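Colleague: Sharing a structure with you now.
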Amino acid sequence: MSNTGNDRIERLWELLGPGVLLPWSAGSKGGNKKWNHRQLADMNDATYLAKLEKTGNIGVSLGKVSNGLLTIDIDDDRHVEPFLEANPLLRHTLRTAAQWGCNIWLRCTSDYPSSCKLKHQSGKEIGEWRADGNQTIIAGTHPTGVPYHFVVEKPVIAVDYKDIIWPDAILPPQATESKRVRGVRRTREKEVVCISGGCEQIQAFVGGNDLIAQVAPTDYHQNNPSLFKLARLVKSYENVVGRPATEAELEFVFDRWSLIARPFWRRELTRDDYYAEFLEAYGYARIGLDENPIELAVSRAKATPLPQVQGFTDKRIRLLGAICREMQQITGANPFFLPTRKLGEILGVHWTHVGRWLRILEKPLQMIHLAPGEVRKRGGIRCPRYYYGPRSRAAKKVSIAEPLAICDGSLVIPEKAA
């Protein structure tokens with residue numbers, strides 16, 4: 001998809017992934033003009049993109065045309081929470097709303113039912129399963145004048161349709177009210193909930209191989225950073241489900257990664273060599289793949305009392321000291337990297353001020369120290385790595401941990417079995 005220069009459209013693509021956007025007038029849910037002929041290729045058409053930039057409302061063509069992008073439209077607010085309780089992973093996918101109810105966005109990685117109305121077990125219509133041939137408005141103004149907004153502003157999660165659990169009150173798409181259907185549904189729900197040590201949850205989270213393919217190597221000498229990204233992907237999963245990954249889930253994720261990465265493995269290394277490296281990377285990982293360490297450190301620093309910086313009253317340098325403290329918490333026993341330009345934006349000062357403050361925190365005040373082997377070069381373009389706290393503490397850490405750096409918001413572990 002082309003870079004449009006339009007922030008609204010660029011943001012929608014970031015959240016939706018591959019999707020066919022449709023221009024509609026403000027306050028409209030669509031119109032009589034034809035739109036089913038639109039394809040993903042149109043998202044590279046400058047003339048079509050110009051229409052999208054000027055339009056009032058933006059819809060999304062659903063189903064196969066948008067690589068399995070679908071929405072679950074629940075009109076009655078009372079049924080939203082029961083559905084999310086049955087499908088906790090979908091609490092973290094894109095969700096939009098306007099006047100009432102909401103649309104829960106997902107990307108199906110397997111076959112799915114045709115578009116249809118969703119019904120309560122009483123027979124009352126309570127929403128829609130929107131798939132092939134349907135479209136959903138994602139931005140603009142509802143016919144009642146209420147603006148469409150994000151309830152959950154996170155990228156669409158990919159799932160296998162069979163992993164969606166339908167609460168008793170909501171009949172599955174195209175189901176009847178027969179006891180046989182309800183009995184099958186209850187039996188299946190019980191199986192999914194009661195399976196112990198299985199991999200159904202993490203399989204739904206990674207959406208087949210979609211998320212794993214995004215972190216897998218595409219060439220030689222990429223296995224080491226790829227495995228660390230895979231480890232951080234597991235941390236993201238743990239944040240969603242609220243528990244550590246099981247041994248079976250760790251092995252499941254690694255084996256899926258292996259299917260894609262194996263062509264780029266070194267000949268002298270085995271599957272066990274790479275699995276050992278993955279477990280080591282998992283031990284290093286502190287934050288999820290969807291979390292930016294700098295942003296996380298800033299958020300934590302602002303939520304806690306700022307440390308005193310002797311001789312200074314400017315809260316910005318005190319906040320910088322707090323960020324250093326939180327970065328050390330994130331990296332554990334490892335040194336951390338601070339991008340001065342990014343911190344300049346956060347603190348509202350020129351990046352050279354950040355560099356000067358870091359030197360002050362290091363030498364005269366000794367709140368931070370250069371990691372062993374780091375050298376500050378005058379006029380250099382590379383920021384060094386630091387430890388927070390007394391130098392003796394930093395020296396002790398080096399003896400028990402491998403170097404772990406944070407560069408441009410990404411964690412990097414030492415090159416081993418790459």
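Residues are referred to by chain and number: the chain letter is A, B, ... according to the order shown in the structure tokens, the number counts from 1 in that chain, and ligands are numbered separately from 1 in the order shown.
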Please identify every residue of region 60-137 of chain A that has at least one atom no farther than 7 Å from an atom of region 147-150 of chain A, counting only C-alpha atoms, and for each give the shortest atom pair and the distance in Å to one decimal, arranged by chain then increasing number, as a tab-separated table.

Modeller:
residue	atom	partner	partner_atom	distance
A:Arg95	CA	A:Phe150	CA	6.0
A:Thr96	CA	A:Phe150	CA	4.5
A:Ala97	CA	A:His149	CA	5.6
A:Ala98	CA	A:Tyr148	CA	4.5

Colleague: Got time to write the residues from that selection, N, CA and C atoms, as a short mmCIF file (atom, residue, chain, number, x, y, z; two decimals), in the first residue's frame?

Modeller:
data_model
loop_
_atom_site.label_atom_id
_atom_site.label_comp_id
_atom_site.auth_asym_id
_atom_site.auth_seq_id
_atom_site.Cartn_x
_atom_site.Cartn_y
_atom_site.Cartn_z
N ARG A 95 -11.14 -2.55 18.17
CA ARG A 95 -12.58 -2.48 18.43
C ARG A 95 -13.04 -1.06 18.19
N THR A 96 -14.12 -0.89 17.43
CA THR A 96 -14.64 0.44 17.11
C THR A 96 -16.10 0.53 17.52
N ALA A 97 -16.57 1.76 17.66
CA ALA A 97 -17.97 1.97 18.06
C ALA A 97 -18.42 3.35 17.62
N ALA A 98 -19.74 3.55 17.68
CA ALA A 98 -20.33 4.87 17.40
C ALA A 98 -21.51 5.08 18.34
#

Colleague: Give the helix (DSSP H, G or I) residues of region 144-313 of chain A, as DSSP finds them on the backbone, and put them as a PyMOL selection string.

Modeller: chain A and resi 161-163+179-194+200-206+210-215+223-241+247-264+271-284+293-302

Colleague: Mind the document's chain letters and residue numbers, and return as a list in words the residues of region 65-108 of chain A that DSSP labels strand (DSSP E).

Modeller: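 Filtering region 65-108 of chain A to strand (DSSP E) leaves Leu69, Leu70, Thr71, Ile72, Asp73, Ile74, Arg95, Thr96, Ala97, Cys102, Asn103, Ile104, Trp105, Leu106, Arg107 and Cys108 of chain A.
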
Colleague: With only C-alpha atoms as the counted atoms, please give the residues lying no more than 9 Å from Val354 (chain A), apart from itself and same-chain residues fewer than 6 positions off, as a ChimeraX atom specification.

Modeller: /A:317,320,340-341,343-344,347

Colleague: If you count only C-alpha atoms, which residues fall within 12 Å of Thr304 (chain A), apart from same-chain ones fewer than 2 positions away, as a list in words?

Modeller: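 Once the nearby chain positions are removed, what remains is Ala297, Val298, Ser299, Arg300, Ala301, Lys302, Leu306, Pro307, Arg318, Leu319, Gly321, Ala322, Ile323, Arg325 and Glu326 of chain A.
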
Colleague: Next, write the just-selected residues to a file, as a JSON list (two decimals), in the first residue's frame, keeping all heavy atoms as the atom set.

Modeller:
[["chain", "number", "residue", "atom", "x", "y", "z"],
["A", 297, "ALA", "N", 9.53, 2.78, 29.85],
["A", 297, "ALA", "CA", 10.33, 3.38, 30.93],
["A", 297, "ALA", "C", 9.82, 4.78, 31.26],
["A", 297, "ALA", "O", 9.73, 5.16, 32.43],
["A", 297, "ALA", "CB", 11.80, 3.43, 30.53],
["A", 298, "VAL", "N", 9.48, 5.57, 30.24],
["A", 298, "VAL", "CA", 8.97, 6.92, 30.46],
["A", 298, "VAL", "C", 7.65, 6.88, 31.23],
["A", 298, "VAL", "O", 7.43, 7.64, 32.17],
["A", 298, "VAL", "CB", 8.80, 7.67, 29.13],
["A", 298, "VAL", "CG1", 8.08, 9.00, 29.33],
["A", 298, "VAL", "CG2", 10.16, 7.90, 28.47],
["A", 299, "SER", "N", 6.77, 5.96, 30.82],
["A", 299, "SER", "CA", 5.47, 5.83, 31.49],
["A", 299, "SER", "C", 5.65, 5.46, 32.96],
["A", 299, "SER", "O", 4.99, 6.04, 33.84],
["A", 299, "SER", "CB", 4.63, 4.76, 30.77],
["A", 299, "SER", "OG", 3.42, 4.53, 31.44],
["A", 300, "ARG", "N", 6.54, 4.51, 33.22],
["A", 300, "ARG", "CA", 6.77, 4.11, 34.61],
["A", 300, "ARG", "C", 7.42, 5.24, 35.40],
["A", 300, "ARG", "O", 7.09, 5.46, 36.58],
["A", 300, "ARG", "CB", 7.67, 2.87, 34.64],
["A", 300, "ARG", "CG", 7.01, 1.59, 34.13],
["A", 300, "ARG", "CD", 8.00, 0.44, 34.20],
["A", 300, "ARG", "NE", 7.40, -0.80, 33.73],
["A", 300, "ARG", "CZ", 8.07, -1.97, 33.67],
["A", 300, "ARG", "NH1", 9.34, -2.02, 34.04],
["A", 300, "ARG", "NH2", 7.46, -3.06, 33.23],
["A", 301, "ALA", "N", 8.35, 5.95, 34.77],
["A", 301, "ALA", "CA", 9.05, 7.04, 35.46],
["A", 301, "ALA", "C", 8.08, 8.14, 35.87],
["A", 301, "ALA", "O", 8.18, 8.70, 36.97],
["A", 301, "ALA", "CB", 10.15, 7.60, 34.57],
["A", 302, "LYS", "N", 7.13, 8.46, 35.01],
["A", 302, "LYS", "CA", 6.17, 9.52, 35.31],
["A", 302, "LYS", "C", 5.18, 9.11, 36.39],
["A", 302, "LYS", "O", 4.57, 9.97, 37.04],
["A", 302, "LYS", "CB", 5.42, 9.92, 34.03],
["A", 302, "LYS", "CG", 6.28, 10.65, 33.02],
["A", 302, "LYS", "CD", 5.46, 11.03, 31.79],
["A", 302, "LYS", "CE", 6.31, 11.84, 30.79],
["A", 302, "LYS", "NZ", 5.52, 12.20, 29.57],
["A", 306, "LEU", "N", 9.95, 11.23, 41.38],
["A", 306, "LEU", "CA", 11.20, 11.50, 40.67],
["A", 306, "LEU", "C", 12.36, 11.56, 41.66],
["A", 306, "LEU", "O", 12.21, 12.10, 42.77],
["A", 306, "LEU", "CB", 11.11, 12.82, 39.90],
["A", 306, "LEU", "CG", 10.03, 12.92, 38.82],
["A", 306, "LEU", "CD1", 10.07, 14.30, 38.17],
["A", 306, "LEU", "CD2", 10.19, 11.83, 37.78],
["A", 307, "PRO", "N", 13.51, 11.00, 41.30],
["A", 307, "PRO", "CA", 14.66, 11.07, 42.21],
["A", 307, "PRO", "C", 15.20, 12.49, 42.30],
["A", 307, "PRO", "O", 15.04, 13.30, 41.38],
["A", 307, "PRO", "CB", 15.67, 10.13, 41.54],
["A", 307, "PRO", "CG", 15.33, 10.20, 40.09],
["A", 307, "PRO", "CD", 13.83, 10.33, 40.03],
["A", 318, "ARG", "N", 15.46, 15.50, 36.32],
["A", 318, "ARG", "CA", 15.05, 14.50, 37.30],
["A", 318, "ARG", "C", 14.26, 13.37, 36.63],
["A", 318, "ARG", "O", 14.42, 12.20, 36.99],
["A", 318, "ARG", "CB", 14.20, 15.15, 38.38],
["A", 318, "ARG", "CG", 14.97, 16.16, 39.25],
["A", 318, "ARG", "CD", 14.04, 16.87, 40.22],
["A", 318, "ARG", "NE", 13.42, 15.91, 41.13],
["A", 318, "ARG", "CZ", 12.33, 16.19, 41.86],
["A", 318, "ARG", "NH1", 11.76, 17.39, 41.76],
["A", 318, "ARG", "NH2", 11.82, 15.28, 42.67],
["A", 319, "LEU", "N", 13.43, 13.73, 35.63],
["A", 319, "LEU", "CA", 12.70, 12.70, 34.88],
["A", 319, "LEU", "C", 13.67, 11.82, 34.11],
["A", 319, "LEU", "O", 13.49, 10.60, 34.03],
["A", 319, "LEU", "CB", 11.71, 13.36, 33.93],
["A", 319, "LEU", "CG", 10.91, 12.41, 33.02],
["A", 319, "LEU", "CD1", 10.12, 11.39, 33.82],
["A", 319, "LEU", "CD2", 9.96, 13.21, 32.10],
["A", 321, "GLY", "N", 16.69, 11.07, 35.02],
["A", 321, "GLY", "CA", 17.24, 10.14, 36.00],
["A", 321, "GLY", "C", 16.28, 9.01, 36.30],
["A", 321, "GLY", "O", 16.69, 7.84, 36.43],
["A", 322, "ALA", "N", 14.98, 9.32, 36.39],
["A", 322, "ALA", "CA", 13.97, 8.28, 36.64],
["A", 322, "ALA", "C", 13.86, 7.32, 35.47],
["A", 322, "ALA", "O", 13.67, 6.12, 35.65],
["A", 322, "ALA", "CB", 12.62, 8.94, 36.92],
["A", 323, "ILE", "N", 14.00, 7.84, 34.25],
["A", 323, "ILE", "CA", 13.96, 6.98, 33.06],
["A", 323, "ILE", "C", 15.12, 6.00, 33.09],
["A", 323, "ILE", "O", 14.96, 4.81, 32.77],
["A", 323, "ILE", "CB", 13.98, 7.84, 31.77],
["A", 323, "ILE", "CG1", 12.67, 8.64, 31.65],
["A", 323, "ILE", "CG2", 14.19, 6.96, 30.54],
["A", 323, "ILE", "CD1", 12.69, 9.67, 30.53],
["A", 325, "ARG", "N", 16.58, 4.87, 35.72],
["A", 325, "ARG", "CA", 16.24, 3.89, 36.75],
["A", 325, "ARG", "C", 15.29, 2.82, 36.21],
["A", 325, "ARG", "O", 15.48, 1.61, 36.44],
["A", 325, "ARG", "CB", 15.59, 4.62, 37.94],
["A", 325, "ARG", "CG", 15.14, 3.72, 39.09],
["A", 325, "ARG", "CD", 14.31, 4.53, 40.07],
["A", 325, "ARG", "NE", 13.08, 4.99, 39.44],
["A", 325, "ARG", "CZ", 12.36, 6.04, 39.85],
["A", 325, "ARG", "NH1", 12.80, 6.77, 40.87],
["A", 325, "ARG", "NH2", 11.23, 6.38, 39.24],
["A", 326, "GLU", "N", 14.26, 3.25, 35.50],
["A", 326, "GLU", "CA", 13.28, 2.31, 34.97],
["A", 326, "GLU", "C", 13.85, 1.45, 33.85],
["A", 326, "GLU", "O", 13.49, 0.28, 33.70],
["A", 326, "GLU", "CB", 12.03, 3.06, 34.48],
["A", 326, "GLU", "CG", 11.31, 3.82, 35.57],
["A", 326, "GLU", "CD", 10.87, 2.93, 36.73],
["A", 326, "GLU", "OE1", 10.53, 1.75, 36.47],
["A", 326, "GLU", "OE2", 10.88, 3.41, 37.88]]

Colleague: Using only C-alpha atoms, pick whichever of A:Asn44, A:Ile212, A:Leu289, A:Ser226 has the shortest atom-to-atom distance to Trp257 (chain A).

Modeller: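 Once distances to Trp257 (chain A) are computed over only C-alpha atoms, the minimum belongs to A:Ile212.
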
Colleague: Within 9 Å of Ser122 (chain A), counting only C-alpha atoms, which residues qualify if same-chain residues fewer than 2 places away don't, as a PyMOL selection string?

Modeller: chain A and resi 119-120+124-125+169+177

Colleague: Print the selection's residues with C-alpha atoms to a file, as a PDB file, in the first residue's frame.

Modeller:
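Written output follows (part_25.pdb):
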ATOM      1  CA  LYS A 119     -29.183 -13.900  16.855  1.00  0.00           C
ATOM      2  CA  HIS A 120     -29.922 -14.294  20.526  1.00  0.00           C
ATOM      3  CA  LYS A 124     -33.936 -11.780  18.394  1.00  0.00           C
ATOM      4  CA  GLU A 125     -31.350 -10.195  16.062  1.00  0.00           C
ATOM      5  CA  ALA A 169     -26.781 -16.358  24.594  1.00  0.00           C
ATOM      6  CA  GLU A 177     -31.683 -23.108  17.848  1.00  0.00           C
TER       7      GLU A 177
END
